[in-house]
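Student: This is model-v7.cif, which holds mmCIF, C-alpha atoms and all ligand atoms:
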data_my_file
loop_
_atom_site.label_atom_id
_atom_site.label_comp_id
_atom_site.auth_asym_id
_atom_site.auth_seq_id
_atom_site.Cartn_x
_atom_site.Cartn_y
_atom_site.Cartn_z
CA MET A 7 -61.57 134.74 55.70
CA THR A 8 -63.88 134.88 52.65
CA PRO A 9 -66.28 137.83 52.20
CA ALA A 10 -69.21 135.50 52.90
CA GLN A 11 -67.72 134.41 56.22
CA THR A 12 -67.00 138.01 57.10
CA GLN A 13 -70.62 138.94 56.54
CA THR A 14 -71.94 136.25 58.81
CA ARG A 15 -69.66 137.04 61.70
CA LYS A 16 -71.23 138.79 64.68
CA VAL A 17 -69.79 142.13 65.75
CA MET A 18 -67.45 142.51 68.72
CA LEU A 19 -66.27 145.95 69.84
CA SER A 20 -64.31 147.40 72.72
CA ALA A 21 -62.05 150.29 73.67
CA VAL A 22 -59.64 151.71 76.23
CA GLN A 23 -59.05 155.32 77.26
CA PRO A 24 -55.61 156.66 76.33
CA SER A 25 -55.42 158.34 79.75
CA ASN A 26 -52.03 156.86 80.71
CA HIS A 27 -49.93 153.77 79.99
CA LEU A 28 -52.16 150.70 79.99
CA THR A 29 -52.01 148.38 83.03
CA ILE A 30 -52.12 144.63 83.47
CA GLY A 31 -55.71 145.25 84.63
CA ASN A 32 -56.55 146.54 81.12
CA TYR A 33 -54.63 143.69 79.55
CA LEU A 34 -55.94 140.77 81.61
CA GLY A 35 -59.45 142.18 82.11
CA ALA A 36 -60.05 143.28 78.52
CA ILE A 37 -57.41 143.08 75.78
CA LYS A 38 -56.47 139.43 76.36
CA ASN A 39 -60.08 138.48 75.65
CA TRP A 40 -60.16 140.60 72.51
CA VAL A 41 -57.17 138.67 71.23
CA LYS A 42 -58.72 135.33 72.16
CA LEU A 43 -62.04 136.03 70.40
CA GLN A 44 -60.86 138.19 67.48
CA HIS A 45 -61.23 135.64 64.71
CA ASP A 46 -64.72 134.54 65.74
CA TYR A 47 -66.17 138.03 65.28
CA GLU A 48 -66.10 141.03 63.01
CA CYS A 49 -64.06 143.25 65.35
CA LEU A 50 -63.66 146.95 66.02
CA PHE A 51 -61.20 148.13 68.67
CA PHE A 52 -60.32 151.73 69.29
CA ALA A 53 -58.82 154.31 71.62
CA VAL A 54 -61.48 156.56 73.16
CA ASP A 55 -59.83 159.97 73.13
CA LEU A 56 -63.21 161.77 73.41
CA HIS A 57 -63.88 159.92 76.67
CA THR A 58 -60.42 160.66 77.97
CA ILE A 59 -60.86 164.45 78.07
CA THR A 60 -63.65 164.09 80.66
CA VAL A 61 -60.70 164.43 83.06
CA ARG A 62 -58.06 167.07 82.25
CA GLN A 63 -55.22 165.74 80.05
CA ASP A 64 -51.93 167.05 78.74
CA PRO A 65 -52.47 167.25 74.93
CA LYS A 66 -49.04 165.94 73.94
CA GLU A 67 -49.19 163.11 76.46
CA MET A 68 -52.62 162.12 75.21
CA ARG A 69 -51.50 162.01 71.58
CA ASP A 70 -48.57 159.78 72.60
CA GLN A 71 -50.81 157.54 74.69
CA THR A 72 -53.27 157.22 71.81
CA TYR A 73 -50.56 155.88 69.49
CA ARG A 74 -49.26 153.71 72.32
CA ALA A 75 -52.68 152.19 72.97
CA ILE A 76 -53.05 151.18 69.31
CA ALA A 77 -49.47 149.83 69.21
CA THR A 78 -50.19 147.86 72.39
CA TYR A 79 -53.31 146.30 70.87
CA ILE A 80 -51.20 145.00 67.98
CA ALA A 81 -48.31 143.95 70.24
CA ALA A 82 -50.76 142.02 72.45
CA GLY A 83 -51.80 139.97 69.44
CA LEU A 84 -54.61 141.72 67.57
CA ASP A 85 -54.25 141.17 63.84
CA PRO A 86 -54.57 144.54 62.07
CA LYS A 87 -55.30 142.74 58.81
CA ASP A 88 -58.46 141.22 60.25
CA VAL A 89 -59.70 143.64 62.90
CA THR A 90 -60.54 147.34 62.50
CA LEU A 91 -58.36 149.56 64.68
CA PHE A 92 -59.07 153.26 64.95
CA VAL A 93 -59.25 156.39 67.07
CA GLN A 94 -62.69 157.46 68.30
CA SER A 95 -62.40 161.15 67.31
CA HIS A 96 -61.66 160.12 63.71
CA VAL A 97 -65.28 158.99 63.40
CA PRO A 98 -67.52 162.02 64.00
CA ALA A 99 -70.64 159.84 64.18
CA HIS A 100 -69.70 158.83 67.76
CA ALA A 101 -70.27 162.38 69.00
CA GLU A 102 -73.27 162.89 66.72
CA LEU A 103 -75.17 159.82 67.87
CA ALA A 104 -74.19 160.60 71.48
CA TRP A 105 -76.20 163.83 71.26
CA VAL A 106 -79.33 161.95 70.18
CA LEU A 107 -78.83 159.32 72.90
CA ASN A 108 -78.38 162.12 75.47
CA CYS A 109 -81.98 163.04 74.75
CA PHE A 110 -83.14 159.50 75.56
CA THR A 111 -81.07 158.91 78.70
CA TYR A 112 -82.35 160.07 82.07
CA ILE A 113 -80.45 162.12 84.62
CA GLY A 114 -81.57 159.61 87.28
CA GLU A 115 -79.91 156.77 85.37
CA LEU A 116 -76.64 158.64 84.97
CA SER A 117 -76.66 159.66 88.65
CA ARG A 118 -76.57 155.98 89.64
CA MET A 119 -73.36 155.20 87.72
CA THR A 120 -70.68 154.15 90.20
CA GLN A 121 -67.80 155.22 87.92
CA PHE A 122 -69.21 158.77 87.92
CA LYS A 123 -69.66 158.70 91.70
CA ASP A 124 -66.11 157.38 92.24
CA LYS A 125 -64.42 159.75 89.80
CA SER A 126 -66.31 162.82 90.98
CA ALA A 127 -65.62 161.87 94.62
CA ALA A 128 -61.92 161.55 93.73
CA LYS A 129 -62.09 165.19 92.56
CA GLY A 130 -63.58 166.26 95.87
CA GLY A 131 -67.21 165.57 94.93
CA GLY A 132 -70.13 167.95 95.31
CA GLU A 133 -71.08 171.05 93.38
CA GLY A 134 -68.50 173.70 92.64
CA GLN A 135 -65.70 171.12 92.27
CA ASN A 136 -65.40 171.63 88.52
CA ILE A 137 -66.68 168.20 87.66
CA SER A 138 -67.40 168.33 83.94
CA ALA A 139 -70.76 167.59 82.38
CA GLY A 140 -68.76 165.23 80.14
CA LEU A 141 -67.84 163.05 83.11
CA PHE A 142 -71.56 162.79 83.88
CA THR A 143 -72.65 161.96 80.32
CA TYR A 144 -69.62 159.69 79.69
CA PRO A 145 -71.79 156.52 79.61
CA VAL A 146 -73.97 158.04 76.85
CA LEU A 147 -70.94 158.45 74.60
CA MET A 148 -70.00 154.85 75.41
CA ALA A 149 -73.51 153.73 74.44
CA SER A 150 -73.06 155.62 71.18
CA ASP A 151 -69.71 153.85 70.53
CA ILE A 152 -71.42 150.50 70.91
CA LEU A 153 -74.81 151.07 69.27
CA LEU A 154 -73.36 152.76 66.16
CA TYR A 155 -71.91 149.45 64.97
CA GLN A 156 -74.88 147.17 65.76
CA THR A 157 -72.56 145.40 68.20
CA ASP A 158 -73.31 141.91 69.53
CA LEU A 159 -70.57 141.49 72.12
CA VAL A 160 -68.56 143.91 74.27
CA PRO A 161 -65.61 142.36 76.15
CA VAL A 162 -64.81 144.56 79.18
CA GLY A 163 -63.80 144.34 82.83
CA GLU A 164 -66.36 144.11 85.62
CA ASP A 165 -66.25 147.88 86.24
CA GLN A 166 -67.94 148.52 82.87
CA LYS A 167 -70.88 146.18 83.43
CA GLN A 168 -73.12 148.95 84.70
CA HIS A 169 -72.39 151.08 81.62
CA LEU A 170 -73.28 148.13 79.42
CA GLU A 171 -76.60 147.71 81.24
CA LEU A 172 -77.37 151.38 80.64
CA THR A 173 -76.47 150.95 76.95
CA ARG A 174 -78.92 148.05 76.70
CA ASP A 175 -81.67 150.03 78.47
CA VAL A 176 -81.27 153.01 76.11
CA ALA A 177 -81.20 150.73 73.04
CA ILE A 178 -84.37 148.95 74.15
CA ARG A 179 -86.05 152.27 74.93
CA MET A 180 -85.31 153.65 71.46
CA ASN A 181 -86.18 150.37 69.76
CA ASN A 182 -89.60 150.49 71.42
CA ILE A 183 -90.20 153.95 69.99
CA TYR A 184 -88.53 153.72 66.56
CA GLY A 185 -88.57 150.02 65.66
CA LYS A 186 -86.78 146.91 66.84
CA ASP A 187 -84.16 147.12 64.11
CA THR A 188 -82.92 150.55 65.19
CA PHE A 189 -80.22 149.10 67.45
CA LYS A 190 -78.85 145.66 68.17
CA VAL A 191 -79.03 145.15 71.97
CA PRO A 192 -75.44 144.22 72.95
CA GLU A 193 -74.23 141.60 75.44
CA PRO A 194 -71.29 142.15 77.80
CA TYR A 195 -68.44 139.62 77.88
CA ILE A 196 -66.72 139.78 81.25
CA ALA A 197 -63.46 137.88 81.82
CA GLN A 198 -64.00 134.87 84.06
CA VAL A 199 -60.82 135.13 86.08
CA ALA A 200 -59.52 138.68 85.63
CA ALA A 201 -62.78 140.64 85.73
CA ARG A 202 -61.32 142.93 88.37
CA ILE A 203 -57.58 143.09 89.02
CA ALA A 204 -57.05 145.00 92.28
CA SER A 205 -54.64 147.82 93.10
CA LEU A 206 -51.34 146.47 94.50
CA GLN A 207 -51.36 149.13 97.22
CA ASN A 208 -55.04 149.07 98.13
CA PRO A 209 -56.45 145.69 97.15
CA ASP A 210 -60.00 146.77 98.01
CA GLN A 211 -59.88 149.07 94.97
CA LYS A 212 -59.50 148.16 91.30
CA MET A 213 -56.16 148.71 89.61
CA SER A 214 -56.55 151.88 87.56
CA LYS A 215 -54.15 153.45 85.07
CA SER A 216 -54.84 156.94 86.38
CA ASP A 217 -54.12 156.02 90.02
CA PRO A 218 -51.73 158.73 91.28
CA ASP A 219 -49.64 156.10 93.15
CA PRO A 220 -47.42 154.43 90.49
CA ASN A 221 -46.79 151.47 92.81
CA ALA A 222 -50.49 150.61 92.75
CA SER A 223 -50.43 149.50 89.11
CA ILE A 224 -48.23 147.45 86.84
CA PHE A 225 -48.00 149.27 83.55
CA LEU A 226 -47.37 147.46 80.31
CA THR A 227 -44.39 149.84 79.92
CA ASP A 228 -42.74 148.83 83.23
CA SER A 229 -39.26 147.29 82.98
CA ASP A 230 -38.70 143.75 84.28
CA ASP A 231 -37.07 145.09 87.43
CA VAL A 232 -39.84 147.58 88.12
CA ILE A 233 -42.43 144.81 87.74
CA ARG A 234 -40.54 142.59 90.21
CA LYS A 235 -40.12 145.47 92.67
CA LYS A 236 -43.79 146.50 92.54
CA LEU A 237 -44.92 142.94 93.18
CA LYS A 238 -42.48 142.53 96.09
CA ARG A 239 -43.98 145.69 97.62
CA ALA A 240 -47.57 144.61 96.97
CA ILE A 241 -49.74 144.88 100.08
CA THR A 242 -50.63 141.43 101.38
CA ASP A 243 -52.86 140.46 104.26
CA SER A 244 -52.52 139.43 107.89
CA GLY A 245 -51.83 135.75 108.52
CA SER A 246 -49.40 133.69 106.50
CA GLU A 247 -51.40 131.01 104.71
CA ILE A 248 -51.80 131.35 100.93
CA THR A 249 -55.49 130.81 100.21
CA TYR A 250 -58.00 132.41 97.86
CA ASP A 251 -60.50 134.53 99.79
CA ALA A 252 -61.35 137.82 98.05
CA GLU A 253 -63.03 139.23 101.19
CA ALA A 254 -60.61 138.21 103.94
CA LYS A 255 -57.39 138.13 101.89
CA PRO A 256 -57.82 140.58 99.01
CA GLY A 257 -54.07 141.18 98.50
CA VAL A 258 -53.06 137.51 98.31
CA SER A 259 -56.16 136.67 96.26
CA ASN A 260 -55.25 139.40 93.77
CA LEU A 261 -51.78 137.91 93.19
CA LEU A 262 -53.33 134.46 92.72
CA THR A 263 -55.85 135.96 90.28
CA ILE A 264 -53.06 137.58 88.25
CA GLN A 265 -51.22 134.27 88.08
CA SER A 266 -54.32 132.32 87.13
CA ALA A 267 -55.28 134.83 84.42
CA ILE A 268 -51.83 134.60 82.85
CA THR A 269 -51.09 130.89 83.19
CA GLY A 270 -54.62 129.53 82.82
CA LYS A 271 -54.09 127.39 85.93
CA SER A 272 -57.14 126.93 88.16
CA MET A 273 -57.27 128.61 91.55
CA SER A 274 -57.28 125.28 93.43
CA GLU A 275 -54.23 124.08 91.52
CA LEU A 276 -52.40 127.30 92.36
CA VAL A 277 -53.41 127.29 96.02
CA ASN A 278 -52.29 123.66 96.38
CA SER A 279 -48.92 124.48 94.85
CA TYR A 280 -48.40 127.12 97.58
CA ALA A 281 -49.20 124.85 100.53
CA GLY A 282 -46.63 125.52 103.27
CA LYS A 283 -45.02 128.42 101.36
CA GLN A 284 -44.75 132.07 102.44
CA TYR A 285 -46.23 135.26 100.98
CA GLY A 286 -42.69 136.12 99.80
CA HIS A 287 -42.68 133.09 97.47
CA LEU A 288 -46.01 134.11 96.00
CA LYS A 289 -44.80 137.66 95.34
CA VAL A 290 -41.52 136.61 93.73
CA GLU A 291 -43.14 133.97 91.53
CA THR A 292 -45.95 136.29 90.49
CA GLY A 293 -43.25 138.80 89.51
CA GLU A 294 -41.57 136.27 87.23
CA ILE A 295 -44.85 135.19 85.63
CA VAL A 296 -45.86 138.80 84.96
CA VAL A 297 -42.43 139.65 83.53
CA GLU A 298 -42.64 136.72 81.15
CA ALA A 299 -46.10 137.77 79.95
CA ILE A 300 -45.46 141.51 79.69
CA ALA A 301 -41.88 141.79 78.36
CA PRO A 302 -42.69 140.61 74.80
CA ILE A 303 -45.69 142.96 74.59
CA ARG A 304 -43.62 145.87 75.88
CA ASN A 305 -40.76 145.21 73.47
CA LYS A 306 -43.04 144.82 70.47
CA THR A 307 -44.96 148.00 71.39
CA GLU A 308 -41.70 149.98 71.46
CA LEU A 309 -40.74 148.65 68.02
CA LEU A 310 -44.14 149.53 66.57
CA LEU A 311 -43.97 153.04 68.00
CA LYS A 312 -40.77 153.63 66.02
CA ASP A 313 -42.77 153.17 62.81
CA LEU A 314 -45.42 155.87 62.94
CA GLY A 315 -45.91 155.55 59.18
CA TYR A 316 -47.19 152.01 59.67
CA LEU A 317 -49.44 152.99 62.59
CA ASN A 318 -50.80 155.97 60.64
CA SER A 319 -51.71 153.74 57.71
CA ILE A 320 -53.57 151.38 60.03
CA LEU A 321 -55.43 154.28 61.65
CA LYS A 322 -56.39 155.84 58.32
CA ASP A 323 -57.67 152.56 57.01
CA GLY A 324 -59.49 151.84 60.29
CA ALA A 325 -61.16 155.27 60.36
CA GLU A 326 -62.39 154.84 56.82
CA LYS A 327 -63.92 151.43 57.51
CA ALA A 328 -65.44 152.55 60.82
CA ARG A 329 -66.89 155.73 59.29
CA ALA A 330 -68.66 153.80 56.57
CA ARG A 331 -70.26 151.41 59.04
CA ALA A 332 -71.16 154.11 61.55
CA HIS A 333 -72.80 156.24 58.87
CA THR A 334 -75.44 153.57 58.17
CA THR A 335 -76.71 153.55 61.75
CA LEU A 336 -76.51 157.32 62.21
CA LYS A 337 -78.48 157.93 59.00
CA ARG A 338 -81.18 155.48 60.09
CA VAL A 339 -81.47 157.12 63.52
CA TYR A 340 -81.58 160.65 62.08
CA GLU A 341 -84.37 159.63 59.70
CA ARG A 342 -86.37 157.88 62.40
CA VAL A 343 -86.25 160.76 64.89
CA GLY A 344 -87.45 163.11 62.13
CA PHE A 345 -84.42 164.99 60.80
CA ILE A 346 -84.52 166.01 57.13
CA GLY A 347 -81.73 164.17 55.31
CA LEU A 348 -79.43 166.41 53.29
CA ASP A 349 -79.34 163.76 50.57
CA GLN A 350 -83.15 164.06 50.17
CA LEU A 351 -83.15 167.76 49.29
P1 LIG B 1 -58.77 155.18 84.16
O1 LIG B 1 -57.98 155.01 85.41
O2 LIG B 1 -58.24 156.24 83.24
O3 LIG B 1 -60.25 155.29 84.38
P2 LIG B 1 -58.75 152.34 83.70
O4 LIG B 1 -57.44 151.72 84.03
O5 LIG B 1 -59.87 152.14 84.64
O6 LIG B 1 -58.55 153.86 83.33
P3 LIG B 1 -60.27 152.06 81.21
O7 LIG B 1 -59.70 152.71 80.02
O8 LIG B 1 -61.37 152.76 81.93
O9 LIG B 1 -59.10 151.77 82.26
O10 LIG B 1 -60.69 150.57 80.88
C1 LIG B 1 -60.30 149.85 79.74
C2 LIG B 1 -60.73 148.41 79.87
O11 LIG B 1 -59.97 147.77 80.89
C3 LIG B 1 -62.20 148.25 80.28
O12 LIG B 1 -62.73 147.11 79.62
C4 LIG B 1 -62.13 147.99 81.75
O13 LIG B 1 -63.23 147.27 82.23
C5 LIG B 1 -60.84 147.18 81.85
N1 LIG B 1 -60.22 147.34 83.16
C6 LIG B 1 -59.75 148.49 83.69
N2 LIG B 1 -59.23 148.27 84.90
C7 LIG B 1 -59.37 146.94 85.14
C8 LIG B 1 -59.03 146.11 86.24
N3 LIG B 1 -58.42 146.60 87.31
N4 LIG B 1 -59.32 144.78 86.17
C9 LIG B 1 -59.93 144.28 85.07
N5 LIG B 1 -60.28 145.02 83.99
C10 LIG B 1 -60.01 146.33 84.03
N1 LIG B 2 -65.81 153.27 79.32
C1 LIG B 2 -64.84 152.28 78.95
C2 LIG B 2 -64.11 152.62 77.69
C3 LIG B 2 -65.06 152.58 76.55
C4 LIG B 2 -65.62 151.42 75.99
C5 LIG B 2 -66.45 151.88 74.93
C6 LIG B 2 -65.51 150.05 76.25
C7 LIG B 2 -65.53 153.65 75.87
N2 LIG B 2 -66.35 153.23 74.90
C8 LIG B 2 -67.17 150.99 74.14
C9 LIG B 2 -66.25 149.18 75.45
C10 LIG B 2 -67.07 149.65 74.43
C11 LIG B 2 -63.85 152.14 80.06
O1 LIG B 2 -63.22 151.16 80.09
N3 LIG B 2 -63.72 153.09 80.93
#
If you convert what's in this file into structure tokens, what do you get?
Tutor:
Amino acid sequence: MTPAQTQTRKVMLSAVQPSNHLTIGNYLGAIKNWVKLQHDYECLFFAVDLHTITVRQDPKEMRDQTYRAIATYIAAGLDPKDVTLFVQSHVPAHAELAWVLNCFTYIGELSRMTQFKDKSAAKGGGEGQNISAGLFTYPVLMASDILLYQTDLVPVGEDQKQHLELTRDVAIRMNNIYGKDTFKVPEPYIAQVAARIASLQNPDQKMSKSDPDPNASIFLTDSDDVIRKKLKRAITDSGSEITYDAEAKPGVSNLLTIQSAITGKSMSELVNSYAGKQYGHLKVETGEIVVEAIAPIRNKTELLLKDLGYLNSILKDGAEKARARAHTTLKRVYERVGFIGLDQL
């Protein structure tokens, strides 16, 4: 890539929380698209450790998961020579811009966020349940992550669409006050097939890496046998016919979705290939397809994690590049809202 080409590329950015081992939901819904599109964009991918502490974390675990997330990005196929990989807390501008955006985001907007409603309900909901203010303002920090880099495209799963809409609303609001070139208004990129991989134990819910039931998710760290076992135990639906119907047959449809997302086969092709077969066949074959997709990523991640020196050098380099870019936007915003620049004194 020549410098001229680099300059003309649009910006793509996305992130995952290092809250636990990543799942095939994270991989198929998000990371696989990052890999597919990486060379068409100027890319920034990171681990959002600041977001992760909105729910209590074990510090050592979180440090390990942060390294693991970055190693997984590379193992899944991101090219660290071309894309910028970093850790959110290494770029202080994320938290700094988030404060400014907090002052332009309304409590009413944040109260409508379904992720906040779901996560606070999971903690018991209501006042007095020790739900942090950070969990409430989480989408503002996400808007900061995105707007700092004048991002064009944000590839995420379906569950993040609402946060992207809020990001756009806040960007437009501030652009109307401070000038259209304050922020680029970003577009979401939602996976066509794997926008929402469901929990294996409760297919009406999305698969989530912090689900307390380990059988509900396939982690990218799971061994081949564990993957096979979890898929054999996956909840399927009443009846016996293998058809795609997300409403009536969410369990079976989820397994078909996983297969389609991995193999690229269309849903009708898959459904036809299962004519006259039993749910058991679908589970066993899905197990094999997932093992084949995940095992190389898992093995490469483990190898990368043995070389912390290499990962550290990528993270240092990434933080430096990200800081320089983020500084330009933060400085512009500070000037426009009326802060006195230290460099002007
Ligand atoms: P947590 O349980 O800690 O909230 P999570 O598994 O929901 O974590 P995130 O870190 O919130 O994962 O999400 C990272 C990326 O993965 C986002 O782009 C999100 O939309 C996507 N993603 C998460 N779960 C799924 C899923 N079940 N299906 C498709 N995409 C998903
Ligand atoms: N909220 C996202 C993670 C996230 C993100 C971002 C995704 C934080 N900042 C910026 C895309 C762009 C989630 O998946 N829970």
Student: I'd like a table as a tab-separated table: residues in chain A with an atom no more than 7 Å from ligand LIG 1 (chain B), each row giving the shortest atom pair and its distance in Å to one decimal, only C-alpha atoms and all ligand atoms counted, sorted by chain and rising residue number.
Tutor:
residue	atom	partner	partner_atom	distance
A:Ala21	CA	B:LIG1	C1	6.3
A:Val22	CA	B:LIG1	O7	3.9
A:Gln23	CA	B:LIG1	O7	3.9
A:Pro24	CA	B:LIG1	O7	6.8
A:Ser25	CA	B:LIG1	O2	5.0
A:Asn26	CA	B:LIG1	O2	6.7
A:Leu28	CA	B:LIG1	O4	6.7
A:Thr29	CA	B:LIG1	O4	6.5
A:Gly31	CA	B:LIG1	C8	3.8
A:Asn32	CA	B:LIG1	O11	3.6
A:Tyr33	CA	B:LIG1	O11	6.9
A:Leu34	CA	B:LIG1	C9	6.3
A:Gly35	CA	B:LIG1	N5	3.5
A:Ala36	CA	B:LIG1	O12	4.8
A:Pro161	CA	B:LIG1	O12	6.5
A:Val162	CA	B:LIG1	O12	3.3
A:Gly163	CA	B:LIG1	O13	3.0
A:Glu164	CA	B:LIG1	O13	5.6
A:Asp165	CA	B:LIG1	O13	5.1
A:Gln166	CA	B:LIG1	O13	4.9
A:Ala200	CA	B:LIG1	C9	5.6
A:Ala201	CA	B:LIG1	C9	4.7
A:Arg202	CA	B:LIG1	N4	3.5
A:Ile203	CA	B:LIG1	N4	3.7
A:Ala204	CA	B:LIG1	N3	5.4
A:Lys212	CA	B:LIG1	N3	4.4
A:Met213	CA	B:LIG1	N3	3.9
A:Ser214	CA	B:LIG1	O4	3.6
A:Lys215	CA	B:LIG1	O4	3.9
A:Ser216	CA	B:LIG1	O1	3.8
A:Asp217	CA	B:LIG1	O1	6.1
Student: Would you mind reading off the distance between atom CA of Ile152 of chain A and atom CA of Ser319 of chain A, one decimal, in Å?
Tutor: 23.9 Å
Student: Using all atoms listed in the file, which of the listed residues (A:Leu43, A:Val343, A:Met68, A:Leu19) sits closest to ligand LIG 2 (chain B)?
Tutor: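 Result for the nearest residue to ligand LIG 2 (chain B): A:Leu19.
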Student: Kindly indicate which residue among A:Pro98, A:Gly257, A:Gly293, A:Pro192 lies nearest to ligand LIG 2 (chain B), using all atoms listed in the file for the distances.
Tutor: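 Of A:Pro98, A:Gly257, A:Gly293, A:Pro192, the one nearest ligand LIG 2 (chain B) is A:Pro192, counting all atoms listed in the file.
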Student: With distances taken over all atoms listed in the file, which of A:His100, A:Cys49, A:Met148, A:Thr120 is nearest to ligand LIG 2 (chain B)?
Tutor: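 So, comparing all the options, the nearest one is A:Met148.
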Student: Could you check how far atom CA of Ala101 of chain A sits from atom CA of Ser138 of chain A, in Å to one decimal?
Tutor: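 So the answer is 16.3 Å.
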Student: Kindly extract all protein, DNA and RNA residues lying within 9 Å of the coordinates (-45.1, 143.3, 96.9) given in the file, considering all atoms listed in the file, and supply them as a PyMOL selection string.
Tutor: chain A and resi 206-207+234-242+286+289-290+293
Student: Please indicate the distance in Å from atom CA of Arg118 of chain A to atom CA of Val54 of chain A, rounded to one decimal place.
Tutor: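 Spanning atom CA of Arg118 of chain A to atom CA of Val54 of chain A is a straight-line distance of 22.4 Å.
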Student: Would you mind telling me which residue in A:Lys16, A:Leu141, A:His169, A:Ala77 lies nearest to Thr58 of chain A when using all atoms listed in the file?
Tutor: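 Using all atoms listed in the file, the shortest distance to Thr58 of chain A belongs to A:Leu141.
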Student: Is there a way to get, as a list of chain:residue names, all residues within 12 Å of the point (-68.8, 167.8, 80.1) in file coordinates, counting only C-alpha atoms?
Tutor: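 Result, sorted by chain then residue number: A:Leu56, A:His57, A:Thr58, A:Ile59, A:Thr60, A:Val61, A:Arg62, A:Phe122, A:Asn136, A:Ile137, A:Ser138, A:Ala139, A:Gly140, A:Leu141, A:Phe142, A:Thr143, A:Tyr144, A:Pro145, A:Val146, A:Leu147.
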Student: Counting all atoms listed in the file, figure out which residue out of A:Ala267, A:Phe51, A:Ser259, A:Phe110 gets nearest to Ile183 of chain A.
Tutor: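 Result for the nearest residue to Ile183 of chain A: A:Phe110.
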Student: Using all atoms listed in the file, which of the listed residues (A:Asp70, A:Asp151, A:Asp46, A:Asp85) sits closest to ligand LIG 2 (chain B)?
Tutor: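 The shortest atom-to-atom distance to ligand LIG 2 (chain B) comes from A:Asp151.
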Student: Would you give me, as JSON lines, each residue of segment 30-69 of chain A having an atom within 9 Å of an atom of segment 86-93 of chain A, along with its shortest atom pair and that distance in Å to one decimal, using all atoms listed in the file and sorting by chain and residue number?
Tutor:
{"residue": "A:Gln44", "atom": "CA", "partner": "A:Val89", "partner_atom": "CA", "distance": 7.2}
{"residue": "A:His45", "atom": "CA", "partner": "A:Asp88", "partner_atom": "CA", "distance": 7.7}
{"residue": "A:Tyr47", "atom": "CA", "partner": "A:Val89", "partner_atom": "CA", "distance": 8.9}
{"residue": "A:Glu48", "atom": "CA", "partner": "A:Val89", "partner_atom": "CA", "distance": 6.9}
{"residue": "A:Cys49", "atom": "CA", "partner": "A:Val89", "partner_atom": "CA", "distance": 5.0}
{"residue": "A:Leu50", "atom": "CA", "partner": "A:Thr90", "partner_atom": "CA", "distance": 4.7}
{"residue": "A:Phe51", "atom": "CA", "partner": "A:Leu91", "partner_atom": "CA", "distance": 5.1}
{"residue": "A:Phe52", "atom": "CA", "partner": "A:Phe92", "partner_atom": "CA", "distance": 4.8}
{"residue": "A:Ala53", "atom": "CA", "partner": "A:Val93", "partner_atom": "CA", "distance": 5.0}
{"residue": "A:Val54", "atom": "CA", "partner": "A:Val93", "partner_atom": "CA", "distance": 6.5}
{"residue": "A:Asp55", "atom": "CA", "partner": "A:Val93", "partner_atom": "CA", "distance": 7.1}
Student: Once you add 5 Å to each side, what are the centre and edge lengths of the axis-aligned box holding all listed atoms of segment 86-100 of chain A? One decimal in Å, as AutoDock Vina command-line options, if you can.
Tutor:
--center_x -62.6 --center_y 151.6 --center_z 63.6 --size_x 26.1 --size_y 30.8 --size_z 19.5
